[in-house]
$ cat data.txt   # compact mmCIF, C-alpha atoms and all ligand atoms
# COMPACT_ATOMS: atom_id res chain seq x y z
CA MET T 1 93.69 140.82 102.74
CA PRO T 2 97.49 140.82 102.82
CA PHE T 3 98.91 137.34 103.41
CA THR T 4 102.48 136.23 103.94
CA ALA T 5 104.73 135.54 100.97
CA ARG T 6 104.98 131.93 102.14
CA THR T 7 101.25 131.31 101.68
CA ARG T 8 100.46 133.73 98.85
CA HIS T 9 101.05 131.20 96.07
CA LEU T 10 98.96 128.40 97.54
CA ALA T 11 96.24 127.16 95.20
CA PRO T 12 93.56 124.51 95.66
CA GLU T 13 94.14 120.95 94.44
CA GLY T 14 92.41 120.51 91.07
CA ALA T 15 90.71 117.29 92.21
CA TYR T 16 88.85 119.08 95.02
CA GLN T 17 87.75 121.87 92.69
CA VAL T 18 86.38 119.53 90.04
CA LEU T 19 84.72 117.40 92.72
CA ALA T 20 82.96 120.51 94.08
CA ARG T 21 81.66 121.39 90.58
CA ALA T 22 80.60 117.81 89.95
CA ASN T 23 78.76 117.74 93.28
CA GLN T 24 76.93 120.93 92.35
CA LEU T 25 75.80 119.37 89.07
CA GLU T 26 74.69 116.25 90.95
CA ALA T 27 72.72 118.37 93.42
CA ALA T 28 70.96 119.90 90.41
CA GLY T 29 69.92 116.39 89.30
CA ARG T 30 72.67 115.45 86.82
CA ASP T 31 74.09 111.93 86.72
CA ILE T 32 77.87 112.29 87.08
CA ILE T 33 80.53 109.59 86.79
CA HIS T 34 83.43 110.41 89.07
CA LEU T 35 86.84 109.80 87.55
CA GLU T 36 88.47 112.81 89.20
CA VAL T 37 89.17 111.69 92.75
CA GLY T 38 92.37 109.82 93.58
CA GLN T 39 91.24 107.20 96.04
CA PRO T 40 90.51 103.48 95.77
CA ASP T 41 86.78 102.80 95.55
CA PHE T 42 87.09 99.63 97.68
CA PRO T 43 85.95 99.76 101.29
CA THR T 44 88.73 99.65 103.89
CA PHE T 45 89.49 95.96 104.38
CA GLU T 46 87.21 94.38 106.99
CA ASN T 47 89.99 93.19 109.34
CA VAL T 48 91.50 96.69 109.33
CA SER T 49 88.22 98.46 110.10
CA ARG T 50 87.52 95.96 112.85
CA ALA T 51 90.92 96.62 114.44
CA GLY T 52 90.21 100.37 114.39
CA ILE T 53 86.76 99.93 115.93
CA GLU T 54 88.07 97.59 118.61
CA ALA T 55 90.82 100.09 119.39
CA ILE T 56 88.23 102.82 120.00
CA ARG T 57 86.14 100.45 122.14
CA SER T 58 89.12 99.53 124.27
CA GLY T 59 90.06 103.14 124.92
CA LYS T 60 92.88 103.61 122.40
CA THR T 61 91.79 107.20 122.11
CA ARG T 62 94.77 108.97 123.68
CA TYR T 63 97.80 110.93 122.57
CA THR T 64 100.66 108.82 121.34
CA PRO T 65 104.30 109.89 120.89
CA PRO T 66 104.41 112.46 118.04
CA SER T 67 106.19 110.08 115.63
CA GLY T 68 103.80 107.23 116.39
CA MET T 69 103.39 104.19 118.63
CA PRO T 70 106.64 102.22 118.99
CA SER T 71 104.87 98.99 117.90
CA LEU T 72 103.70 100.61 114.64
CA ARG T 73 107.09 102.19 113.95
CA GLU T 74 108.73 98.79 114.47
CA ALA T 75 106.25 97.06 112.17
CA ILE T 76 106.71 99.70 109.46
CA ALA T 77 110.51 99.51 109.74
CA GLU T 78 110.39 95.75 109.26
CA ASP T 79 107.81 95.73 106.44
CA ALA T 80 109.11 98.72 104.48
CA GLY T 81 112.72 97.56 104.86
CA ARG T 82 111.99 94.01 103.68
CA ARG T 83 110.07 95.26 100.65
CA ARG T 84 112.93 97.55 99.63
CA GLY T 85 115.84 95.31 100.57
CA ILE T 86 117.24 97.79 103.10
CA GLU T 87 117.60 97.90 106.85
CA ILE T 88 115.41 100.44 108.59
CA HIS T 89 115.59 101.26 112.30
CA PRO T 90 112.29 102.18 114.02
CA ASP T 91 113.87 105.54 115.00
CA GLU T 92 114.02 106.34 111.28
CA VAL T 93 110.25 105.94 110.91
CA VAL T 94 107.94 108.92 111.40
CA VAL T 95 104.21 108.14 111.46
CA SER T 96 101.90 110.94 110.37
CA PRO T 97 98.25 111.59 109.54
CA GLY T 98 98.55 110.65 105.86
CA GLY T 99 101.69 110.87 103.77
CA LYS T 100 101.31 114.61 103.20
CA PRO T 101 102.88 115.81 106.49
CA ASN T 102 105.91 113.71 105.62
CA LEU T 103 106.20 115.61 102.34
CA PHE T 104 105.81 118.99 104.03
CA PHE T 105 107.79 118.70 107.26
CA PRO T 106 111.06 117.23 105.96
CA THR T 107 110.96 119.98 103.31
CA LEU T 108 110.53 122.61 106.04
CA ALA T 109 113.41 121.03 107.96
CA LEU T 110 115.81 120.95 104.99
CA VAL T 111 115.03 123.76 102.56
CA GLU T 112 116.25 127.28 103.35
CA PRO T 113 114.82 130.30 101.51
CA GLY T 114 116.52 130.45 98.12
CA ASP T 115 117.40 126.73 98.01
CA GLU T 116 116.32 125.04 94.79
CA VAL T 117 114.06 122.00 94.72
CA ILE T 118 113.66 119.84 91.62
CA TYR T 119 110.32 118.08 91.28
CA PRO T 120 108.30 116.35 88.55
CA ASN T 121 105.92 118.25 86.32
CA PRO T 122 103.22 117.09 85.73
CA GLY T 123 103.29 116.14 89.39
CA PHE T 124 101.38 116.00 92.65
CA PRO T 125 100.47 119.65 93.46
CA THR T 126 101.70 119.43 97.07
CA TYR T 127 105.32 119.40 95.86
CA GLU T 128 105.18 122.94 94.56
CA ALA T 129 103.15 124.09 97.57
CA MET T 130 105.60 122.73 100.13
CA VAL T 131 108.59 124.25 98.35
CA GLN T 132 106.91 127.65 98.24
CA VAL T 133 105.92 127.55 101.91
CA ALA T 134 109.53 126.67 102.79
CA GLY T 135 110.67 129.70 100.75
CA GLY T 136 112.51 127.47 98.30
CA VAL T 137 112.76 127.96 94.56
CA PRO T 138 110.56 125.48 92.65
CA VAL T 139 112.41 123.90 89.71
CA PRO T 140 109.96 121.75 87.73
CA ILE T 141 111.38 119.02 85.48
CA PRO T 142 109.23 117.80 82.59
CA LEU T 143 108.19 114.16 82.50
CA LEU T 144 108.43 112.82 78.98
CA GLU T 145 105.64 110.78 77.45
CA GLU T 146 108.06 109.13 75.00
CA ASN T 147 110.09 108.03 78.04
CA GLN T 148 107.08 106.39 79.79
CA PHE T 149 106.79 109.64 81.75
CA SER T 150 110.16 109.36 83.50
CA PHE T 151 112.25 112.53 84.08
CA ASP T 152 113.67 114.33 81.08
CA LEU T 153 117.25 113.55 82.16
CA ASP T 154 118.77 116.17 79.86
CA ALA T 155 116.62 118.84 81.48
CA PHE T 156 117.53 117.38 84.88
CA ASP T 157 121.26 117.56 84.16
CA ALA T 158 120.89 121.12 82.92
CA LEU T 159 119.03 122.27 86.04
CA ILE T 160 120.76 120.49 88.93
CA ASN T 161 123.51 122.63 90.47
CA GLU T 162 125.18 123.60 93.76
CA ARG T 163 122.02 125.40 94.92
CA THR T 164 119.85 122.28 94.52
CA ARG T 165 118.96 121.10 98.00
CA LEU T 166 116.27 118.51 97.31
CA ILE T 167 115.07 116.32 94.43
CA VAL T 168 111.51 115.01 94.61
CA LEU T 169 110.67 111.74 92.86
CA ASN T 170 107.31 110.00 92.57
CA SER T 171 107.28 106.47 91.23
CA PRO T 172 104.72 105.15 90.35
CA SER T 173 103.52 108.62 89.52
CA ASN T 174 100.39 110.58 90.09
CA PRO T 175 99.17 111.70 87.54
CA THR T 176 100.95 109.68 84.82
CA GLY T 177 101.14 106.14 86.26
CA GLY T 178 104.79 106.01 85.10
CA ILE T 179 107.54 104.14 86.91
CA ILE T 180 111.09 105.53 86.93
CA PRO T 181 113.36 102.84 85.41
CA PRO T 182 116.38 101.66 87.45
CA ALA T 183 118.86 103.23 85.01
CA ASP T 184 117.25 106.66 85.45
CA LEU T 185 117.27 106.23 89.24
CA GLU T 186 120.97 105.41 89.11
CA HIS T 187 121.64 108.54 87.09
CA ILE T 188 119.60 110.71 89.48
CA ALA T 189 121.36 109.09 92.47
CA SER T 190 124.82 109.79 91.09
CA GLN T 191 123.90 113.44 90.46
CA ALA T 192 122.40 113.74 93.97
CA GLU T 193 125.68 112.44 95.42
CA ARG T 194 127.75 114.71 93.22
CA TYR T 195 125.87 117.84 94.30
CA GLY T 196 125.20 116.68 97.88
CA CYS T 197 121.39 116.90 97.61
CA TRP T 198 118.63 115.18 99.49
CA VAL T 199 116.11 113.02 97.63
CA MET T 200 112.46 112.77 98.62
CA SER T 201 110.99 109.61 97.13
CA ASP T 202 107.19 109.65 97.19
CA GLU T 203 106.32 105.95 97.07
CA LEU T 204 102.62 106.14 97.97
CA TYR T 205 101.74 103.91 95.00
CA THR T 206 104.64 101.47 95.29
CA ARG T 207 102.36 98.44 95.87
CA ILE T 208 100.02 99.37 92.99
CA VAL T 209 102.05 98.12 90.01
CA TYR T 210 101.11 95.96 87.03
CA ASP T 211 102.43 93.30 84.65
CA GLY T 212 104.87 91.99 87.26
CA LEU T 213 106.79 95.29 87.26
CA GLN T 214 108.34 96.72 90.40
CA ALA T 215 108.99 100.32 91.31
CA LEU T 216 112.54 100.34 92.68
CA SER T 217 113.16 102.73 95.58
CA ILE T 218 116.14 105.04 95.08
CA ALA T 219 116.90 104.40 98.78
CA SER T 220 117.84 100.83 97.81
CA LEU T 221 120.78 102.05 95.71
CA PRO T 222 124.21 102.02 97.39
CA GLY T 223 124.85 105.07 99.56
CA MET T 224 121.39 106.57 98.97
CA GLN T 225 119.49 105.69 102.15
CA GLU T 226 121.44 108.30 104.13
CA ARG T 227 120.25 111.10 101.82
CA THR T 228 116.72 109.86 101.05
CA ILE T 229 113.33 110.47 102.63
CA ILE T 230 110.90 107.71 101.64
CA VAL T 231 107.28 108.83 101.86
CA ASP T 232 104.66 106.09 101.91
CA GLY T 233 101.36 105.40 103.58
CA PHE T 234 98.20 103.41 103.97
CA SER T 235 95.77 105.56 101.93
CA LYS T 236 96.18 103.82 98.59
CA THR T 237 97.59 100.36 99.48
CA TYR T 238 94.89 99.58 102.04
CA SER T 239 92.13 101.88 100.82
CA MET T 240 92.37 104.02 103.97
CA THR T 241 92.34 107.58 102.63
CA GLY T 242 89.99 108.90 105.32
CA TRP T 243 91.73 107.21 108.23
CA ARG T 244 94.73 109.50 107.66
CA LEU T 245 97.79 107.37 108.11
CA GLY T 246 101.15 107.61 106.42
CA PHE T 247 104.83 107.55 107.23
CA GLY T 248 108.25 108.83 106.31
CA ILE T 249 111.55 106.96 106.54
CA MET T 250 114.63 109.13 106.90
CA PRO T 251 117.94 109.35 108.76
CA LYS T 252 117.53 109.57 112.53
CA GLU T 253 118.65 113.20 112.93
CA LEU T 254 116.13 114.38 110.35
CA ALA T 255 113.43 112.17 111.87
CA ALA T 256 114.04 113.90 115.21
CA ARG T 257 113.56 117.33 113.57
CA VAL T 258 110.35 116.18 111.90
CA ASP T 259 109.21 114.79 115.27
CA LEU T 260 109.53 118.33 116.70
CA LEU T 261 107.54 119.81 113.82
CA LEU T 262 104.82 117.20 114.41
CA THR T 263 104.89 117.90 118.17
CA HIS T 264 104.17 121.57 117.64
CA SER T 265 101.67 121.29 114.78
CA ILE T 266 99.75 118.04 114.66
CA GLY T 267 100.63 116.60 118.08
CA ALA T 268 100.26 113.00 116.99
CA THR T 269 98.37 110.75 114.60
CA ALA T 270 95.04 109.38 115.89
CA HIS T 271 95.69 106.55 118.35
CA PHE T 272 93.04 104.10 117.04
CA THR T 273 94.02 104.79 113.41
CA GLN T 274 97.50 103.55 114.28
CA PHE T 275 96.02 100.27 115.54
CA ALA T 276 94.14 99.88 112.26
CA GLY T 277 97.44 100.50 110.44
CA LEU T 278 99.20 97.88 112.55
CA GLU T 279 96.59 95.32 111.51
CA ALA T 280 96.87 96.45 107.87
CA ILE T 281 100.58 95.66 107.64
CA THR T 282 100.77 92.67 109.96
CA GLY T 283 97.51 91.04 108.79
CA PRO T 284 96.77 89.14 105.56
CA GLN T 285 97.87 90.89 102.37
CA GLU T 286 95.73 89.03 99.80
CA ARG T 287 93.18 91.84 99.65
CA VAL T 288 95.87 94.17 98.31
CA ASP T 289 96.61 91.74 95.48
CA VAL T 290 92.90 91.35 94.69
CA MET T 291 92.51 95.13 94.52
CA VAL T 292 95.57 95.54 92.29
CA SER T 293 94.37 92.80 89.88
CA GLU T 294 91.04 94.56 89.64
CA PHE T 295 92.79 97.87 88.92
CA GLN T 296 94.79 96.14 86.20
CA ARG T 297 91.58 94.90 84.48
CA ARG T 298 90.18 98.42 84.63
CA ARG T 299 93.44 99.93 83.38
CA ASP T 300 93.34 97.68 80.33
CA ALA T 301 89.71 98.59 79.66
CA ILE T 302 90.16 102.34 80.07
CA VAL T 303 93.36 102.50 78.00
CA ASP T 304 91.73 100.57 75.12
CA GLY T 305 88.65 102.78 75.32
CA LEU T 306 90.66 106.01 75.41
CA ASN T 307 92.76 104.98 72.41
CA ASP T 308 89.51 104.49 70.55
CA LEU T 309 88.47 108.12 71.02
CA PRO T 310 89.26 110.57 68.21
CA GLY T 311 92.27 112.74 69.05
CA PHE T 312 93.24 110.68 72.14
CA VAL T 313 96.47 108.68 72.52
CA CYS T 314 96.97 106.86 75.81
CA GLN T 315 100.02 104.96 77.03
CA LYS T 316 99.55 101.99 79.30
CA PRO T 317 100.33 103.19 82.83
CA GLN T 318 102.63 100.84 84.77
CA GLY T 319 101.33 101.70 88.21
CA ALA T 320 98.94 103.81 90.37
CA PHE T 321 95.33 104.03 89.13
CA TYR T 322 95.38 106.92 86.69
CA ALA T 323 95.24 107.08 82.90
CA PHE T 324 96.90 110.14 81.38
CA PRO T 325 95.90 110.38 77.72
CA ASN T 326 97.48 112.86 75.34
CA VAL T 327 94.54 114.82 73.91
CA THR T 328 96.37 117.32 71.73
CA GLY T 329 94.85 115.55 68.71
CA THR T 330 91.43 116.92 69.65
CA GLY T 331 92.68 120.47 69.06
CA ILE T 332 91.05 121.51 72.35
CA GLY T 333 93.00 122.70 75.43
CA SER T 334 92.99 120.50 78.54
CA THR T 335 90.90 122.79 80.72
CA GLU T 336 88.25 123.44 78.08
CA LEU T 337 88.06 119.75 77.18
CA ALA T 338 87.74 118.66 80.83
CA ASN T 339 85.00 121.26 81.40
CA ARG T 340 83.12 120.18 78.29
CA ILE T 341 83.35 116.52 79.23
CA LEU T 342 81.93 117.34 82.66
CA ASP T 343 79.18 119.66 81.41
CA GLU T 344 78.13 117.74 78.30
CA ALA T 345 78.98 114.11 79.11
CA GLY T 346 78.60 114.20 82.90
CA VAL T 347 82.07 112.69 83.43
CA ALA T 348 84.29 114.36 86.02
CA LEU T 349 88.02 114.17 85.26
CA LEU T 350 91.00 116.48 85.60
CA PRO T 351 92.84 118.61 83.07
CA GLY T 352 96.50 117.59 82.96
CA ASN T 353 97.59 121.18 83.62
CA SER T 354 96.22 121.00 87.15
CA PHE T 355 99.47 119.05 87.75
CA GLY T 356 101.66 121.76 86.27
CA GLU T 357 102.31 123.44 82.94
CA TYR T 358 103.79 120.33 81.30
CA GLY T 359 100.49 118.55 81.92
CA GLU T 360 98.83 120.77 79.30
CA GLY T 361 97.56 118.62 76.43
CA TYR T 362 96.61 115.73 78.74
CA LEU T 363 93.71 114.63 80.92
CA ARG T 364 93.85 112.55 84.09
CA LEU T 365 91.21 109.89 84.63
CA SER T 366 91.18 107.89 87.84
CA TYR T 367 90.06 104.33 87.18
CA ALA T 368 89.26 103.73 90.83
CA ASN T 369 85.66 103.20 89.70
CA SER T 370 83.67 100.17 88.52
CA LEU T 371 84.27 98.67 85.05
CA GLU T 372 80.62 99.39 84.30
CA ASN T 373 81.06 103.10 85.07
CA ILE T 374 84.33 103.21 83.14
CA HIS T 375 82.63 101.79 80.03
CA LYS T 376 79.69 104.16 80.47
CA ALA T 377 82.04 107.15 80.85
CA LEU T 378 83.95 106.20 77.69
CA GLU T 379 80.72 105.88 75.71
CA ARG T 380 79.51 109.26 76.91
CA ILE T 381 82.82 110.95 76.04
CA LYS T 382 82.80 109.31 72.62
CA ALA T 383 79.28 110.57 71.99
CA ILE T 384 80.20 114.22 72.60
CA LEU T 385 83.45 114.07 70.65
C1 LIG T 401 101.62 111.16 94.75
C2 LIG T 401 100.91 111.32 96.04
N1 LIG T 401 101.63 111.57 97.13
C3 LIG T 401 101.05 111.74 98.33
C4 LIG T 401 99.68 111.68 98.47
C5 LIG T 401 99.12 111.91 99.84
O1 LIG T 401 98.32 110.90 100.30
P1 LIG T 401 97.90 110.75 101.82
O2 LIG T 401 98.18 112.03 102.53
O3 LIG T 401 96.46 110.40 101.80
O4 LIG T 401 98.73 109.63 102.37
C6 LIG T 401 98.88 111.44 97.35
C7 LIG T 401 97.41 111.46 97.44
O5 LIG T 401 96.69 111.57 96.49
C8 LIG T 401 99.51 111.26 96.10
O6 LIG T 401 98.81 111.04 94.99
$ encode --input "data.txt" --output "structure tokens" --more "lines below"
Ligand SMILES: Cc1ncc(COP(=O)(O)O)c(C=O)c1O
Amino acid sequence: MPFTARTRHLAPEGAYQVLARANQLEAAGRDIIHLEVGQPDFPTFENVSRAGIEAIRSGKTRYTPPSGMPSLREAIAEDAGRRRGIEIHPDEVVVSPGGKPNLFFPTLALVEPGDEVIYPNPGFPTYEAMVQVAGGVPVPIPLLEENQFSFDLDAFDALINERTRLIVLNSPSNPTGGIIPPADLEHIASQAERYGCWVMSDELYTRIVYDGLQALSIASLPGMQERTIIVDGFSKTYSMTGWRLGFGIMPKELAARVDLLLTHSIGATAHFTQFAGLEAITGPQERVDVMVSEFQRRRDAIVDGLNDLPGFVCQKPQGAFYAFPNVTGTGIGSTELANRILDEAGVALLPGNSFGEYGEGYLRLSYANSLENIHKALERIKAIL
């Protein structure tokens, strides 16, 4: 069937494909350990669920303004601004069902056909998809392992030019767990100013950081807030992936454009979900810290275990909940290795190239799973290698 050029290139997300195959194997009686899916394995925090349930019970089941309830936008402006050391006005906050619409819609509002968009590779697959749907030209920049998976700044300098409209950053990163160091952010910021580009800073994992590190937002650098779209949300921080709640922070005029796109596509984010989100950010935050400490224990265990496997070399990720080992030493390509590990060891994980061509030679393992399962998965992989 002939489809439009703007949708012709769309491909499924690797995680959903592997999950479907793993589910098939499970249905046939196999015991599968799931390290493919990118969501915290903790239940949504009790106080948050209760707020959502109470909201449904008390009739909070209506349309809200497209960009979200004023009380939630105010709370996000205060919380997100304080955490980043910047001032955010509620009119600059756009609430959406998950962070994804706030990746897609600002891109649709800013990128004309032919405009170039720089984005990380390996990187979250939605970046390439949204650029293609907008008719933009995708310009992937390699992330360098030797640089803790920050941008290859030489490649960046060679590729940025007058046609670059938008630069996408993701720190901490899916799939690498890398954090972009302040010096690199400063360099990227000065180039963005020089060429007059927008920056989209995907900060979905900003609260999931280890060893006392912080992921600085490029919007906190002088002069950058006016050209930056911060994308963040509740999915990872509060273990709320299925509630669908995220937000974007951007200059007012752009927020008003995105509001129109939401009006005519999504309408609004679920009313009761927004009440759950309000409780998540205004309620106690200790559960987030407990979850992050648990992720850190698992990170240490999985990285040690992976470095013990023949042909694997794994850096210690600084954030998010993914390990991204270099597996070139096995002599087996990423896709074949991931398939063999699923078929023979019953461990579902993703080939690095499902995040772009520069992910070839790597695997992505989500450690949002119990320590017991992580140890079991490592033993099983070791046995087949
Ligand atoms: C880097 C990154 N950005 C954005 C998202 C979107 O998350 P959500 O739409 O659930 O907020 C994800 C989800 O996996 C992600 O990994």
$ residues_around --input "data.txt" --residues "Gly246 in chain T" --least-positions-apart "5" --cutoff "8 Å" --atoms "all atoms listed in the file" --output "compact mmCIF listing (two decimals) with C-alpha atoms, in the coordinates of the input"
# COMPACT_ATOMS: atom_id res chain seq x y z
CA VAL T 95 104.21 108.14 111.46
CA SER T 96 101.90 110.94 110.37
CA PRO T 97 98.25 111.59 109.54
CA GLY T 98 98.55 110.65 105.86
CA GLY T 99 101.69 110.87 103.77
CA LYS T 100 101.31 114.61 103.20
CA ASN T 102 105.91 113.71 105.62
CA VAL T 231 107.28 108.83 101.86
CA ASP T 232 104.66 106.09 101.91
CA GLY T 233 101.36 105.40 103.58
CA PHE T 234 98.20 103.41 103.97
CA SER T 235 95.77 105.56 101.93
$ atom_distance --input "data.txt" --atom1 "CA of Asp211 in chain T" --atom2 "CA of Gln148 in chain T"
14.7 Å
$ residues_around --input "data.txt" --residues "Ser58 in chain T" --least-positions-apart "4" --cutoff "12 Å" --atoms "all atoms listed in the file" --output "PDB file with C-alpha atoms, in the frame of the given file"
ATOM      1  CA  ALA T  51      90.920  96.620 114.440  1.00  0.00           C
ATOM      2  CA  GLY T  52      90.210 100.370 114.390  1.00  0.00           C
ATOM      3  CA  ILE T  53      86.760  99.930 115.930  1.00  0.00           C
ATOM      4  CA  GLU T  54      88.070  97.590 118.610  1.00  0.00           C
ATOM      5  CA  ARG T  62      94.770 108.970 123.680  1.00  0.00           C
ATOM      6  CA  HIS T 271      95.690 106.550 118.350  1.00  0.00           C
ATOM      7  CA  PHE T 272      93.040 104.100 117.040  1.00  0.00           C
ATOM      8  CA  PHE T 275      96.020 100.270 115.540  1.00  0.00           C
TER       9      PHE T 275
END
$ residues_around --input "data.txt" --residues "range 301-312 of chain T" --least-positions-apart "4" --cutoff "7 Å" --atoms "only C-alpha atoms" --output "number ranges by chain"
T: 297, 316, 323, 325-330, 374, 378, 382
$ residues_near_ligand --input "data.txt" --ligand "ligand LIG 401 (chain T)" --cutoff "10 Å" --atoms "all atoms listed in the file" --output "ChimeraX atom specification"
/T:13,15,37-39,96-103,123-127,169-175,177,201-205,231-237,239-247,320-322
$ atom_distance --input "data.txt" --atom1 "CA of Cys197 in chain T" --atom2 "CA of Ile86 in chain T"
20.3 Å
$ closest_residue --input "data.txt" --among "T:Gly359, T:Pro351, T:Pro90, T:Gly319" --to "Ile179 in chain T" --atoms "only C-alpha atoms"
T:Gly319
$ atom_distance --input "data.txt" --atom1 "CA of Pro140 in chain T" --atom2 "CA of Ser217 in chain T"
20.8 Å
$ closest_residue --input "data.txt" --among "T:Ser190, T:Thr228, T:Asn23, T:Ser293" --to "Leu166 in chain T" --atoms "only C-alpha atoms"
T:Thr228
$ closest_residue --input "data.txt" --among "T:Asp157, T:Glu36, T:Glu286, T:Glu336" --to "Asp184 in chain T" --atoms "all atoms listed in the file"
T:Asp157
$ closest_residue --input "data.txt" --among "T:Val117, T:Ile88, T:Ala215, T:Leu261" --to "Met200 in chain T" --atoms "all atoms listed in the file"
T:Val117
$ closest_residue --input "data.txt" --among "T:Asn353, T:Gln191, T:Gln318, T:Asn373" --to "Gly333 in chain T" --atoms "all atoms listed in the file"
T:Asn353
$ residues_near_point --input "data.txt" --point "(88.6, 97.1, 106.6)" --cutoff "9 Å" --atoms "only C-alpha atoms" --output "PyMOL selection string"
chain T and resi 43-52+238-240+276+280
$ closest_residue --input "data.txt" --among "T:Val111, T:Ile332, T:Leu365, T:Met1" --to "Arg165 in chain T" --atoms "all atoms listed in the file"
T:Val111
$ residues_around --input "data.txt" --residues "Tyr63 in chain T" --least-positions-apart "2" --cutoff "12 Å" --atoms "all atoms listed in the file" --output "VMD selection string"
chain T and resid 59 to 61 65 to 69 263 266 to 274
$ residues_around --input "data.txt" --residues "Leu35 in chain T" --least-positions-apart "3" --cutoff "6 Å" --atoms "all atoms listed in the file" --output "list in words"
Ala348, Leu349, Leu365 and Ser366 of chain T
